[in-house]
Amino acid sequence: MEIGTGKPVSRRSALAGMGAAMALPLVDSAVQVSATRMDGKVAIVTGSGRNLGRAGVLELARRGADVVVNARTNRQEAESVAREAESLGVRALALLADVGDQEQVNRMVDEVLTQFGRVDVLINNVGFRPLYPFMEMTTAEWRAVMAANLDGPFFCAKACVPSMIANGGGSIVNLSGVGSFAGAARRSAVCASKMGALGLTRALAVELGPYNIRVNYVVPGGWDEQATSLDDMEPESRNLQRIPLGRLGIPQELANLYAFLASDESSYITGQTFHINGGVNRY
C-alpha cells in the first residue's frame with residue numbers, strides 16, 4: 001500500500017496491505033518471515049545475549065537489518081547470537097556494555113557507528129527485576145535498578161538519536177513489565193523505574209517526532225523463554241487460568257512486536273504503550 005501518492009485508498013485495499021503485519025507467523029530461527037524488509041537498517045538490541053532479546057535480534061536479522069547484540073558481561077552468549085544473525089545473511093556485532101553506565105554506552109554506540117556507520121533502531125530490552133522488600137532495600141540496590149531500567153534507556157537514546165536525526169528518522173522501543181502497571185510486592189524499585197521509562201517514552205515521542213523518530217513502549221507478560229514455537233512449549237506453560245489466552249507467551253511473539261515497531265509497518269505510531277500478555281492486564 002502506497003502512502004502519499006495523492007490517490008484515494010479504499011478500505012479493502014488498506015486492509016489487504018496490512019496483511020503482513022496482521023499475520024506474522026511463529027517461527028524458529030531457520031524460517032524466513034514474509035514481512036516488511038529492513039535492508040540497510042542498523043538495529044541495537046540491549047540485553048540480547050539470550051531469551052527475549054535474542055529472539056528480537058534474530059527477527060530483525062530475518063528482515064534484513066544489520067544487528068548489534070549487547071550483553072553486560074557474557075561475551076560468549078553475545079557472540080553466539082551474533083553468529084546466528086550472520087547466518088541469516090546480515091552483518092552482526094557483539095558488544096559488551098553495562099547500559100547503566102553512560103561511558104560504556106557511548107563507547108558501544110561509537111563502535112557501532114565506526115563499524116556500520118549509522119543507527120536506525122534502538123530496542124531497550126534490558127530489564128533488571130530483583131525482589132527487594134521495601135523496608136529492607138538499600139539505597140545501593142535502589143540505584144542499581146534505576147541504572148538498568150531508567151538510566152539505560154536514557155543513555156542509549158541519547159547516544160543513538162544524533163545518528164537517527166542524520167538518517168532522517170528512526171525507532172526506539174522501551175521495555176516495561178506487566179507488574180509495573182499492576183503493582184508488585186517487593187518490586188517497588190522495578191515498578192518505579194519502569195513507570196519512569198514510560199514517562200521518558202511519552203516525552204521523547206513528542207520531542208523527537210519532528211525528526212521522524214518514533215518512540216514506543218512494550219509491556220510484556222509471562223513467557224516460556226525456551227520455546228521456539230507453540231508446539232514445543234513446556235506443559236506447565238499451558239492451561240494457565242489466570243491468563244485469558246490460557247498460556248504463557250513465546251519469545252517469537254514479542255520479537256514480532258519489536259520488529260513491527262522497528263519497521264515502516266508502524267510508521268504512524270509513536271508515544272504508545274503495547275501490552276503483550278495474553279490478556280492478564282487489559283488496557
# chains A, B, ... in the order shown; residues from 1 in each chain; ligands from 1
$ residues_around --residues "Asn125 in chain A" --least-positions-apart "3" --cutoff "6 Å" --atoms "only C-alpha atoms" --output "list in words"
Thr46, Gly47 and Leu175 of chain A
$ residues_around --residues "range 57-71 of chain A" --least-positions-apart "3" --cutoff "8 Å" --atoms "only C-alpha atoms" --output "PyMOL selection string"
chain A and resi 29+32-33+35-49+53-54+74-75+77-79+81-82+84-86+88-98+112+252+255-256+259
$ residues_around --residues "Gly179 in chain A" --least-positions-apart "6" --cutoff "12 Å" --atoms "only C-alpha atoms" --output "JSON, numbers by chain"
{"A": [129, 185, 186, 187, 188, 189, 190, 191, 192, 193, 194, 195, 219, 220, 221, 222, 275, 277, 280, 281]}
$ write_last_selection --atoms "C-alpha atoms" --output "PDB file, in the first residue's frame"
ATOM      1  CA  ARG A 129      13.819  -7.258  38.178  1.00  0.00           C
ATOM      2  CA  ALA A 185       5.191  -6.602  46.167  1.00  0.00           C
ATOM      3  CA  ARG A 186       8.964  -6.484  46.722  1.00  0.00           C
ATOM      4  CA  ARG A 187       9.406  -4.775  43.357  1.00  0.00           C
ATOM      5  CA  SER A 188       8.887  -1.127  44.267  1.00  0.00           C
ATOM      6  CA  ALA A 189      12.172  -0.150  42.605  1.00  0.00           C
ATOM      7  CA  VAL A 190      11.311  -2.101  39.451  1.00  0.00           C
ATOM      8  CA  CYS A 191       7.830  -0.587  39.221  1.00  0.00           C
ATOM      9  CA  ALA A 192       9.132   2.929  39.837  1.00  0.00           C
ATOM     10  CA  SER A 193      11.910   2.603  37.256  1.00  0.00           C
ATOM     11  CA  LYS A 194       9.647   1.158  34.590  1.00  0.00           C
ATOM     12  CA  MET A 195       6.973   3.806  35.064  1.00  0.00           C
ATOM     13  CA  VAL A 219       4.773  -4.228  28.304  1.00  0.00           C
ATOM     14  CA  PRO A 220       5.406  -7.999  28.243  1.00  0.00           C
ATOM     15  CA  GLY A 221       3.664 -10.548  30.447  1.00  0.00           C
ATOM     16  CA  GLY A 222       4.875 -14.059  31.303  1.00  0.00           C
ATOM     17  CA  HIS A 275       0.581  -4.713  26.280  1.00  0.00           C
ATOM     18  CA  ASN A 277       0.490 -10.558  27.983  1.00  0.00           C
ATOM     19  CA  VAL A 280      -3.655 -10.602  32.010  1.00  0.00           C
ATOM     20  CA  ASN A 281      -3.794  -6.797  32.081  1.00  0.00           C
TER      21      ASN A 281
END
$ closest_residue --among "A:Ile276, A:Gly168, A:Ala159, A:Ile250" --to "Glu111 in chain A" --atoms "only C-alpha atoms"
A:Ala159
$ residues_around --residues "Arg118 in chain A" --least-positions-apart "4" --cutoff "9 Å" --atoms "only C-alpha atoms" --output "PyMOL selection string"
chain A and resi 41-42+112-114+160+163-164+166-167
$ write_last_selection --atoms "C-alpha atoms" --output "short mmCIF file (atom, residue, chain, number, x, y, z; two decimals), in the first residue's frame"
data_model
loop_
_atom_site.label_atom_id
_atom_site.label_comp_id
_atom_site.auth_asym_id
_atom_site.auth_seq_id
_atom_site.Cartn_x
_atom_site.Cartn_y
_atom_site.Cartn_z
CA LYS A 41 18.95 -0.53 8.62
CA VAL A 42 21.08 -0.98 11.73
CA VAL A 112 28.57 0.70 16.08
CA LEU A 113 28.96 3.94 14.14
CA THR A 114 32.55 3.06 13.28
CA CYS A 160 21.72 6.95 19.26
CA SER A 163 22.55 9.29 14.09
CA MET A 164 18.79 8.83 13.71
CA ALA A 166 21.11 12.48 10.49
CA ASN A 167 19.45 9.48 8.81
#
$ atom_distance --atom1 "CA of Leu131 in chain A" --atom2 "CA of Arg143 in chain A"
13.9 Å
$ select_by_dssp --residues "range 61-195 of chain A" --states "alpha helix (DSSP H)" --output "PyMOL selection string"
chain A and resi 61-62+75-86+102-116+139-146+152-167+178-182+188-195
$ residues_around --residues "Ala147 in chain A" --least-positions-apart "6" --cutoff "10 Å" --atoms "only C-alpha atoms" --output "ChimeraX atom specification"
/A:98-102,128,141,153-155,193
$ closest_residue --among "A:Ala182, A:Gln104, A:Asn51, A:Ala203" --to "Thr73 in chain A" --atoms "only C-alpha atoms"
A:Gln104
$ closest_residue --among "A:Arg242, A:Cys156, A:Ser237, A:Leu200" --to "Asp110 in chain A" --atoms "only C-alpha atoms"
A:Cys156
$ atom_distance --atom1 "CA of Gln241 in chain A" --atom2 "CA of Val178 in chain A"
16.7 Å
$ select_by_dssp --residues "range 147-226 of chain A" --states "strand (DSSP E or B)" --output "ChimeraX atom specification"
/A:170-175,213-220,223
$ write_last_selection --atoms "N, CA and C atoms" --output "PDB file, in the first residue's frame"
ATOM      1  N   GLY A 170      14.006   7.278  12.791  1.00  0.00           N
ATOM      2  CA  GLY A 170      14.384   6.046  13.472  1.00  0.00           C
ATOM      3  C   GLY A 170      13.271   5.581  14.376  1.00  0.00           C
ATOM      4  N   SER A 171      13.533   4.502  15.090  1.00  0.00           N
ATOM      5  CA  SER A 171      12.551   3.930  16.008  1.00  0.00           C
ATOM      6  C   SER A 171      13.237   3.515  17.297  1.00  0.00           C
ATOM      7  N   ILE A 172      12.640   3.891  18.412  1.00  0.00           N
ATOM      8  CA  ILE A 172      13.112   3.493  19.741  1.00  0.00           C
ATOM      9  C   ILE A 172      11.984   2.744  20.422  1.00  0.00           C
ATOM     10  N   VAL A 173      12.301   1.581  20.985  1.00  0.00           N
ATOM     11  CA  VAL A 173      11.323   0.787  21.722  1.00  0.00           C
ATOM     12  C   VAL A 173      11.856   0.569  23.128  1.00  0.00           C
ATOM     13  N   ASN A 174      11.089   0.990  24.121  1.00  0.00           N
ATOM     14  CA  ASN A 174      11.453   0.779  25.521  1.00  0.00           C
ATOM     15  C   ASN A 174      10.611  -0.341  26.108  1.00  0.00           C
ATOM     16  N   LEU A 175      11.173  -1.052  27.079  1.00  0.00           N
ATOM     17  CA  LEU A 175      10.549  -2.253  27.633  1.00  0.00           C
ATOM     18  C   LEU A 175      10.107  -2.036  29.064  1.00  0.00           C
ATOM     19  N   ILE A 213      11.423  10.416  14.438  1.00  0.00           N
ATOM     20  CA  ILE A 213      11.875   9.356  15.343  1.00  0.00           C
ATOM     21  C   ILE A 213      10.688   8.947  16.200  1.00  0.00           C
ATOM     22  N   ARG A 214      10.303   7.696  16.085  1.00  0.00           N
ATOM     23  CA  ARG A 214       9.162   7.168  16.822  1.00  0.00           C
ATOM     24  C   ARG A 214       9.638   6.473  18.088  1.00  0.00           C
ATOM     25  N   VAL A 215       8.907   6.660  19.181  1.00  0.00           N
ATOM     26  CA  VAL A 215       9.293   6.091  20.474  1.00  0.00           C
ATOM     27  C   VAL A 215       8.059   5.427  21.085  1.00  0.00           C
ATOM     28  N   ASN A 216       8.148   4.127  21.331  1.00  0.00           N
ATOM     29  CA  ASN A 216       7.011   3.379  21.853  1.00  0.00           C
ATOM     30  C   ASN A 216       7.419   2.496  23.027  1.00  0.00           C
ATOM     31  N   TYR A 217       6.416   1.992  23.720  1.00  0.00           N
ATOM     32  CA  TYR A 217       6.623   1.259  24.972  1.00  0.00           C
ATOM     33  C   TYR A 217       5.956  -0.109  24.864  1.00  0.00           C
ATOM     34  N   VAL A 218       6.661  -1.152  25.242  1.00  0.00           N
ATOM     35  CA  VAL A 218       6.146  -2.513  25.190  1.00  0.00           C
ATOM     36  C   VAL A 218       6.116  -3.088  26.602  1.00  0.00           C
ATOM     37  N   VAL A 219       4.980  -3.685  26.956  1.00  0.00           N
ATOM     38  CA  VAL A 219       4.773  -4.228  28.304  1.00  0.00           C
ATOM     39  C   VAL A 219       4.533  -5.732  28.194  1.00  0.00           C
ATOM     40  N   PRO A 220       5.573  -6.547  28.357  1.00  0.00           N
ATOM     41  CA  PRO A 220       5.406  -7.999  28.243  1.00  0.00           C
ATOM     42  C   PRO A 220       4.790  -8.602  29.512  1.00  0.00           C
ATOM     43  N   TRP A 223       6.436 -15.460  30.073  1.00  0.00           N
ATOM     44  CA  TRP A 223       6.974 -16.112  28.879  1.00  0.00           C
ATOM     45  C   TRP A 223       7.528 -17.495  29.192  1.00  0.00           C
TER      46      TRP A 223
END
$ decode --residues "range 48-192 of chain A" --atoms "C-alpha atoms" --output "PDB file, in the first residue's frame"
ATOM      1  CA  SER A  48      20.115  -9.615  23.768  1.00  0.00           C
ATOM      2  CA  GLY A  49      22.504 -12.439  24.595  1.00  0.00           C
ATOM      3  CA  ARG A  50      19.643 -14.811  25.366  1.00  0.00           C
ATOM      4  CA  ASN A  51      15.882 -15.376  25.541  1.00  0.00           C
ATOM      5  CA  LEU A  52      13.648 -12.430  24.585  1.00  0.00           C
ATOM      6  CA  GLY A  53      16.442 -10.161  23.372  1.00  0.00           C
ATOM      7  CA  ARG A  54      17.934 -12.932  21.251  1.00  0.00           C
ATOM      8  CA  ALA A  55      14.566 -13.535  19.607  1.00  0.00           C
ATOM      9  CA  GLY A  56      14.318  -9.827  18.801  1.00  0.00           C
ATOM     10  CA  VAL A  57      17.773  -9.765  17.217  1.00  0.00           C
ATOM     11  CA  LEU A  58      17.031 -12.770  15.028  1.00  0.00           C
ATOM     12  CA  GLU A  59      13.681 -11.418  13.851  1.00  0.00           C
ATOM     13  CA  LEU A  60      15.265  -8.123  12.834  1.00  0.00           C
ATOM     14  CA  ALA A  61      18.019 -10.068  11.067  1.00  0.00           C
ATOM     15  CA  ARG A  62      15.445 -12.168   9.198  1.00  0.00           C
ATOM     16  CA  ARG A  63      14.009  -8.917   7.895  1.00  0.00           C
ATOM     17  CA  GLY A  64      17.434  -7.843   6.621  1.00  0.00           C
ATOM     18  CA  ALA A  65      18.621  -5.432   9.311  1.00  0.00           C
ATOM     19  CA  ASP A  66      22.227  -5.450  10.462  1.00  0.00           C
ATOM     20  CA  VAL A  67      22.151  -6.071  14.196  1.00  0.00           C
ATOM     21  CA  VAL A  68      24.101  -5.292  17.340  1.00  0.00           C
ATOM     22  CA  VAL A  69      23.921  -7.836  20.144  1.00  0.00           C
ATOM     23  CA  ASN A  70      24.552  -6.327  23.564  1.00  0.00           C
ATOM     24  CA  ALA A  71      25.310  -8.060  26.853  1.00  0.00           C
ATOM     25  CA  ARG A  72      26.674  -6.707  30.104  1.00  0.00           C
ATOM     26  CA  THR A  73      29.366  -9.328  30.783  1.00  0.00           C
ATOM     27  CA  ASN A  74      28.766 -12.582  28.877  1.00  0.00           C
ATOM     28  CA  ARG A  75      30.717 -12.196  25.650  1.00  0.00           C
ATOM     29  CA  GLN A  76      30.295 -15.843  24.659  1.00  0.00           C
ATOM     30  CA  GLU A  77      26.498 -15.590  24.658  1.00  0.00           C
ATOM     31  CA  ALA A  78      26.505 -12.317  22.733  1.00  0.00           C
ATOM     32  CA  GLU A  79      28.886 -13.637  20.094  1.00  0.00           C
ATOM     33  CA  SER A  80      26.829 -16.807  19.712  1.00  0.00           C
ATOM     34  CA  VAL A  81      23.700 -14.774  18.936  1.00  0.00           C
ATOM     35  CA  ALA A  82      25.678 -12.589  16.539  1.00  0.00           C
ATOM     36  CA  ARG A  83      26.815 -15.684  14.621  1.00  0.00           C
ATOM     37  CA  GLU A  84      23.189 -16.860  14.409  1.00  0.00           C
ATOM     38  CA  ALA A  85      22.234 -13.490  12.951  1.00  0.00           C
ATOM     39  CA  GLU A  86      25.072 -13.608  10.433  1.00  0.00           C
ATOM     40  CA  SER A  87      23.821 -16.997   9.241  1.00  0.00           C
ATOM     41  CA  LEU A  88      20.684 -15.159   8.107  1.00  0.00           C
ATOM     42  CA  GLY A  89      22.739 -13.067   5.705  1.00  0.00           C
ATOM     43  CA  VAL A  90      23.268  -9.822   7.641  1.00  0.00           C
ATOM     44  CA  ARG A  91      26.140  -8.174   9.465  1.00  0.00           C
ATOM     45  CA  ALA A  92      26.205  -8.597  13.222  1.00  0.00           C
ATOM     46  CA  LEU A  93      28.302  -7.170  16.018  1.00  0.00           C
ATOM     47  CA  ALA A  94      28.547  -8.390  19.620  1.00  0.00           C
ATOM     48  CA  LEU A  95      29.413  -5.670  22.137  1.00  0.00           C
ATOM     49  CA  LEU A  96      29.657  -5.706  25.919  1.00  0.00           C
ATOM     50  CA  ALA A  97      28.319  -2.684  27.791  1.00  0.00           C
ATOM     51  CA  ASP A  98      26.505  -2.020  31.034  1.00  0.00           C
ATOM     52  CA  VAL A  99      23.625   0.190  29.880  1.00  0.00           C
ATOM     53  CA  GLY A 100      23.513   1.856  33.298  1.00  0.00           C
ATOM     54  CA  ASP A 101      26.992   3.284  32.696  1.00  0.00           C
ATOM     55  CA  GLN A 102      26.930   6.212  30.273  1.00  0.00           C
ATOM     56  CA  GLU A 103      30.595   5.924  29.296  1.00  0.00           C
ATOM     57  CA  GLN A 104      30.167   2.263  28.369  1.00  0.00           C
ATOM     58  CA  VAL A 105      27.039   3.070  26.361  1.00  0.00           C
ATOM     59  CA  ASN A 106      28.817   5.851  24.489  1.00  0.00           C
ATOM     60  CA  ARG A 107      31.723   3.546  23.660  1.00  0.00           C
ATOM     61  CA  MET A 108      29.319   0.886  22.401  1.00  0.00           C
ATOM     62  CA  VAL A 109      27.450   3.283  20.124  1.00  0.00           C
ATOM     63  CA  ASP A 110      30.702   4.825  18.879  1.00  0.00           C
ATOM     64  CA  GLU A 111      31.860   1.346  17.876  1.00  0.00           C
ATOM     65  CA  VAL A 112      28.569   0.697  16.075  1.00  0.00           C
ATOM     66  CA  LEU A 113      28.957   3.940  14.144  1.00  0.00           C
ATOM     67  CA  THR A 114      32.547   3.059  13.279  1.00  0.00           C
ATOM     68  CA  GLN A 115      31.616  -0.415  12.037  1.00  0.00           C
ATOM     69  CA  PHE A 116      28.191   0.202  10.488  1.00  0.00           C
ATOM     70  CA  GLY A 117      28.013   3.983  10.013  1.00  0.00           C
ATOM     71  CA  ARG A 118      24.518   4.502  11.413  1.00  0.00           C
ATOM     72  CA  VAL A 119      21.863   3.530  13.948  1.00  0.00           C
ATOM     73  CA  ASP A 120      18.221   3.312  12.866  1.00  0.00           C
ATOM     74  CA  VAL A 121      16.620   1.197  15.582  1.00  0.00           C
ATOM     75  CA  LEU A 122      17.183   1.018  19.331  1.00  0.00           C
ATOM     76  CA  ILE A 123      15.377  -1.598  21.381  1.00  0.00           C
ATOM     77  CA  ASN A 124      15.991  -1.086  25.088  1.00  0.00           C
ATOM     78  CA  ASN A 125      15.346  -4.689  26.042  1.00  0.00           C
ATOM     79  CA  VAL A 126      17.361  -4.759  29.292  1.00  0.00           C
ATOM     80  CA  GLY A 127      15.246  -5.425  32.352  1.00  0.00           C
ATOM     81  CA  PHE A 128      16.556  -5.829  35.923  1.00  0.00           C
ATOM     82  CA  ARG A 129      13.819  -7.258  38.178  1.00  0.00           C
ATOM     83  CA  PRO A 130      15.182  -8.193  41.611  1.00  0.00           C
ATOM     84  CA  LEU A 131      12.936  -8.859  44.620  1.00  0.00           C
ATOM     85  CA  TYR A 132      13.679  -6.392  47.430  1.00  0.00           C
ATOM     86  CA  PRO A 133      11.279  -5.959  50.363  1.00  0.00           C
ATOM     87  CA  PHE A 134      10.737  -2.215  50.571  1.00  0.00           C
ATOM     88  CA  MET A 135      11.798  -1.792  54.201  1.00  0.00           C
ATOM     89  CA  GLU A 136      14.949  -3.843  53.671  1.00  0.00           C
ATOM     90  CA  MET A 137      16.081  -2.430  50.329  1.00  0.00           C
ATOM     91  CA  THR A 138      19.284  -0.427  50.442  1.00  0.00           C
ATOM     92  CA  THR A 139      19.918   2.784  48.564  1.00  0.00           C
ATOM     93  CA  ALA A 140      22.572   0.968  46.516  1.00  0.00           C
ATOM     94  CA  GLU A 141      20.035  -1.684  45.483  1.00  0.00           C
ATOM     95  CA  TRP A 142      17.521   1.021  44.543  1.00  0.00           C
ATOM     96  CA  ARG A 143      20.145   2.831  42.459  1.00  0.00           C
ATOM     97  CA  ALA A 144      21.176  -0.374  40.654  1.00  0.00           C
ATOM     98  CA  VAL A 145      17.605  -0.977  39.487  1.00  0.00           C
ATOM     99  CA  MET A 146      17.224   2.631  38.365  1.00  0.00           C
ATOM    100  CA  ALA A 147      20.524   2.454  36.490  1.00  0.00           C
ATOM    101  CA  ALA A 148      19.479  -0.565  34.415  1.00  0.00           C
ATOM    102  CA  ASN A 149      15.806   0.201  33.847  1.00  0.00           C
ATOM    103  CA  LEU A 150      15.669   4.003  33.616  1.00  0.00           C
ATOM    104  CA  ASP A 151      19.187   5.370  33.131  1.00  0.00           C
ATOM    105  CA  GLY A 152      19.832   2.717  30.476  1.00  0.00           C
ATOM    106  CA  PRO A 153      17.070   3.800  28.067  1.00  0.00           C
ATOM    107  CA  PHE A 154      18.066   7.433  28.639  1.00  0.00           C
ATOM    108  CA  PHE A 155      21.784   6.862  27.995  1.00  0.00           C
ATOM    109  CA  CYS A 156      21.168   4.634  24.958  1.00  0.00           C
ATOM    110  CA  ALA A 157      18.658   7.001  23.362  1.00  0.00           C
ATOM    111  CA  LYS A 158      20.908   9.997  23.959  1.00  0.00           C
ATOM    112  CA  ALA A 159      23.785   8.206  22.224  1.00  0.00           C
ATOM    113  CA  CYS A 160      21.721   6.947  19.263  1.00  0.00           C
ATOM    114  CA  VAL A 161      19.421   9.879  18.475  1.00  0.00           C
ATOM    115  CA  PRO A 162      22.034  12.032  16.681  1.00  0.00           C
ATOM    116  CA  SER A 163      22.545   9.287  14.092  1.00  0.00           C
ATOM    117  CA  MET A 164      18.789   8.829  13.706  1.00  0.00           C
ATOM    118  CA  ILE A 165      18.345  12.541  13.100  1.00  0.00           C
ATOM    119  CA  ALA A 166      21.109  12.476  10.495  1.00  0.00           C
ATOM    120  CA  ASN A 167      19.449   9.484   8.813  1.00  0.00           C
ATOM    121  CA  GLY A 168      16.045  11.164   8.615  1.00  0.00           C
ATOM    122  CA  GLY A 169      14.342   9.137  11.327  1.00  0.00           C
ATOM    123  CA  GLY A 170      14.384   6.046  13.472  1.00  0.00           C
ATOM    124  CA  SER A 171      12.551   3.930  16.008  1.00  0.00           C
ATOM    125  CA  ILE A 172      13.112   3.493  19.741  1.00  0.00           C
ATOM    126  CA  VAL A 173      11.323   0.787  21.722  1.00  0.00           C
ATOM    127  CA  ASN A 174      11.453   0.779  25.521  1.00  0.00           C
ATOM    128  CA  LEU A 175      10.549  -2.253  27.633  1.00  0.00           C
ATOM    129  CA  SER A 176       8.389  -2.466  30.743  1.00  0.00           C
ATOM    130  CA  GLY A 177       6.781  -5.362  32.622  1.00  0.00           C
ATOM    131  CA  VAL A 178       3.250  -6.337  33.500  1.00  0.00           C
ATOM    132  CA  GLY A 179       3.892  -5.926  37.230  1.00  0.00           C
ATOM    133  CA  SER A 180       4.816  -2.289  36.799  1.00  0.00           C
ATOM    134  CA  PHE A 181       1.257  -1.468  35.749  1.00  0.00           C
ATOM    135  CA  ALA A 182      -0.492  -3.732  38.258  1.00  0.00           C
ATOM    136  CA  GLY A 183       1.920  -3.141  41.146  1.00  0.00           C
ATOM    137  CA  ALA A 184       4.065  -5.888  42.619  1.00  0.00           C
ATOM    138  CA  ALA A 185       5.191  -6.602  46.167  1.00  0.00           C
ATOM    139  CA  ARG A 186       8.964  -6.484  46.722  1.00  0.00           C
ATOM    140  CA  ARG A 187       9.406  -4.775  43.357  1.00  0.00           C
ATOM    141  CA  SER A 188       8.887  -1.127  44.267  1.00  0.00           C
ATOM    142  CA  ALA A 189      12.172  -0.150  42.605  1.00  0.00           C
ATOM    143  CA  VAL A 190      11.311  -2.101  39.451  1.00  0.00           C
ATOM    144  CA  CYS A 191       7.830  -0.587  39.221  1.00  0.00           C
ATOM    145  CA  ALA A 192       9.132   2.929  39.837  1.00  0.00           C
TER     146      ALA A 192
END
